[in-house]
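Chemist: If you scroll down you'll find the structure; I have some questions about it.
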Amino acid sequence: MLQTTSPAETRIPHPDGVTAEEFRAALARLAAGVVLVTAHDPDDGPRGEDVGMTATAFLSVSLDPPLVMVSVRNDSRMEDLLARQPLWAVSLLSESQRHVAGRFAMKGRVSDRLLFEDLTYERGELSGSPLIRGALATLECRTEQRVVAGDHTLVIGRVLRASAPSMESGPLTYFRGRYRHLS
């Protein structure tokens, strides 16, 4: 008699028993805010270059002192830059900025210089990083600690400056693998 196996039986679990697919499917049900993390690389070219990365793993860590944390994929351009550049910024994206999130989340994307080319932003006074206009809030940060955690590095930053302009727009969120609006 021919014995067949189900797809669940052929998946290789992590040592603790959960597969990457199971983990990803479960965590896709956690709604998250969407931010654009930016930093200026002064060593790239004669005027330097701005670097950006869309993130959903971003959170407040402490009120006193004011600390935030972002999870950055190891060996990414942003992780490499934040390892040597302690100043960076975060723009909390509004529901009308889905195109910004998608642009900086693309795999195999074009240069960051081209990604920033037609965006409206101002340069952070303390970090020198782009702050996206129309964002719900912007933060300028200085790295306090880096913690390697699996295939990501958790970058904890002290908030040096925060701005939350008066807006009626809602936040851009990410849920079940898609950008969403709160309703």
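Ligands are numbered from 1 in the order shown, chains are lettered A, B, ... in the order of the structure tokens, and residues start at 1 in each chain.
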I want to know what sits within 10 Å of Ser111 (chain A), based on only C-alpha atoms, with residues of the same chain fewer than 4 positions away left out; could you give that as a list in words?
Modeler: Glu49, Asp50, Val51, Leu115 and Phe116 of chain A
Chemist: Write a file of the just-selected residues containing N, CA, C and O atoms, as a compact mmCIF listing (two decimals), in the first residue's frame.
Modeler:
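selection.txt, freshly written:
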# COMPACT_ATOMS: atom_id res chain seq x y z
N GLU A 49 24.11 59.99 1.07
CA GLU A 49 22.86 59.49 0.51
C GLU A 49 21.90 59.15 1.64
O GLU A 49 22.30 58.69 2.70
N ASP A 50 20.61 59.40 1.38
CA ASP A 50 19.56 59.05 2.31
C ASP A 50 19.15 57.61 2.09
O ASP A 50 19.09 57.14 0.95
N VAL A 51 18.87 56.91 3.19
CA VAL A 51 18.45 55.51 3.14
C VAL A 51 17.12 55.41 3.87
O VAL A 51 16.91 56.07 4.89
N LEU A 115 14.36 56.61 -4.80
CA LEU A 115 13.13 56.44 -4.01
C LEU A 115 12.72 57.73 -3.32
O LEU A 115 11.54 58.01 -3.15
N PHE A 116 13.68 58.54 -2.93
CA PHE A 116 13.38 59.81 -2.26
C PHE A 116 13.11 60.94 -3.26
O PHE A 116 12.59 61.99 -2.88
Chemist: If you count only C-alpha atoms, which residues fall within 7 Å of Val155 (chain A), apart from same-chain ones fewer than 2 positions away, as a ChimeraX atom specification?
Modeler: /A:69-71,143,145-147,153,157
Chemist: Mind checking DSSP for chain A and telling me the strand (DSSP E or B) residues as a ChimeraX atom specification?
Modeler: /A:32-33,35-41,49-55,58-62,67-73,87-92,94,121-123,130-132,137-149,152-163,171-175,178-181
Chemist: Tell me which of A:Asp151, A:Leu30, A:Arg161, A:Ala89 sits closest to Tyr121 (chain A), counting only C-alpha atoms.
Modeler: A:Ala89
Chemist: Name the closest residue to Val34 (chain A) among the candidates A:Gly102, A:Pro86, A:Gly128, A:Gly134; distances are taken between atoms, counting only C-alpha atoms.
Modeler: A:Gly102
Chemist: Determine, for each residue of region 52-134 of chain A having at least one atom at most 10 Å from an atom of region 167-179 of chain A, the closest pair of atoms and their separation in Å to one decimal, counting only C-alpha atoms; order by chain and ascending number, as a Markdown table.
Modeler:
| residue | atom | partner | partner_atom | distance |
| --- | --- | --- | --- | --- |
| A:Ala55 | CA | A:Tyr174 | CA | 9.8 |
| A:Thr56 | CA | A:Tyr174 | CA | 7.2 |
| A:Leu92 | CA | A:Pro171 | CA | 7.6 |
| A:Leu93 | CA | A:Leu172 | CA | 5.8 |
| A:Ser94 | CA | A:Pro171 | CA | 4.4 |
| A:Glu95 | CA | A:Leu172 | CA | 4.1 |
| A:Ser96 | CA | A:Leu172 | CA | 7.4 |
| A:Gln97 | CA | A:Leu172 | CA | 7.2 |
| A:Arg98 | CA | A:Leu172 | CA | 6.9 |
| A:His99 | CA | A:Tyr179 | CA | 9.9 |
| A:Ala101 | CA | A:Tyr179 | CA | 8.6 |
| A:Gly102 | CA | A:Tyr179 | CA | 8.8 |
| A:Gly134 | CA | A:Met167 | CA | 8.6 |
Chemist: Output the selection as a PDB file, in the first residue's frame - N, CA and C atoms for each residue.
Modeler:
ATOM      1  N   ALA A  55       8.895  49.773   8.036  1.00  0.00           N
ATOM      2  CA  ALA A  55       8.912  48.848   9.171  1.00  0.00           C
ATOM      3  C   ALA A  55       7.529  48.779   9.809  1.00  0.00           C
ATOM      4  N   THR A  56       7.181  47.588  10.271  1.00  0.00           N
ATOM      5  CA  THR A  56       5.971  47.415  11.072  1.00  0.00           C
ATOM      6  C   THR A  56       6.333  46.958  12.479  1.00  0.00           C
ATOM      7  N   LEU A  92       5.842  58.301  11.152  1.00  0.00           N
ATOM      8  CA  LEU A  92       4.674  57.445  11.343  1.00  0.00           C
ATOM      9  C   LEU A  92       3.707  57.746  10.210  1.00  0.00           C
ATOM     10  N   LEU A  93       3.537  56.800   9.304  1.00  0.00           N
ATOM     11  CA  LEU A  93       2.811  57.057   8.056  1.00  0.00           C
ATOM     12  C   LEU A  93       1.298  57.125   8.259  1.00  0.00           C
ATOM     13  N   SER A  94       0.692  58.027   7.512  1.00  0.00           N
ATOM     14  CA  SER A  94      -0.764  58.178   7.530  1.00  0.00           C
ATOM     15  C   SER A  94      -1.379  57.263   6.482  1.00  0.00           C
ATOM     16  N   GLU A  95      -2.684  57.075   6.563  1.00  0.00           N
ATOM     17  CA  GLU A  95      -3.380  56.176   5.638  1.00  0.00           C
ATOM     18  C   GLU A  95      -3.243  56.613   4.181  1.00  0.00           C
ATOM     19  N   SER A  96      -2.936  57.874   3.937  1.00  0.00           N
ATOM     20  CA  SER A  96      -2.763  58.342   2.559  1.00  0.00           C
ATOM     21  C   SER A  96      -1.338  58.110   2.042  1.00  0.00           C
ATOM     22  N   GLN A  97      -0.478  57.515   2.845  1.00  0.00           N
ATOM     23  CA  GLN A  97       0.919  57.325   2.449  1.00  0.00           C
ATOM     24  C   GLN A  97       1.283  55.873   2.164  1.00  0.00           C
ATOM     25  N   ARG A  98       0.308  55.112   1.715  1.00  0.00           N
ATOM     26  CA  ARG A  98       0.537  53.711   1.355  1.00  0.00           C
ATOM     27  C   ARG A  98       1.632  53.592   0.286  1.00  0.00           C
ATOM     28  N   HIS A  99       1.649  54.529  -0.654  1.00  0.00           N
ATOM     29  CA  HIS A  99       2.650  54.487  -1.729  1.00  0.00           C
ATOM     30  C   HIS A  99       4.070  54.634  -1.184  1.00  0.00           C
ATOM     31  N   ALA A 101       5.079  53.616   1.873  1.00  0.00           N
ATOM     32  CA  ALA A 101       5.380  52.341   2.514  1.00  0.00           C
ATOM     33  C   ALA A 101       5.756  51.284   1.471  1.00  0.00           C
ATOM     34  N   GLY A 102       4.958  51.185   0.419  1.00  0.00           N
ATOM     35  CA  GLY A 102       5.223  50.197  -0.619  1.00  0.00           C
ATOM     36  C   GLY A 102       6.538  50.433  -1.337  1.00  0.00           C
ATOM     37  N   GLY A 134       3.490  65.188   5.881  1.00  0.00           N
ATOM     38  CA  GLY A 134       2.181  64.546   5.890  1.00  0.00           C
ATOM     39  C   GLY A 134       2.113  63.347   6.807  1.00  0.00           C
TER      40      GLY A 134
END
Chemist: Could you please write out, as a list in words, every residue of region 61-126 of chain A that DSSP assigns to alpha helix (DSSP H)?
Modeler: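 Going through region 61-126 of chain A, the alpha helix (DSSP H) residues come out as Arg77, Met78, Glu79, Asp80, Leu81, Leu82, Ala83, Arg84, Arg98, His99, Val100, Ala101, Gly102, Arg103, Phe104, Ala105, Asp112, Arg113, Leu114, Leu115 and Phe116 of chain A.
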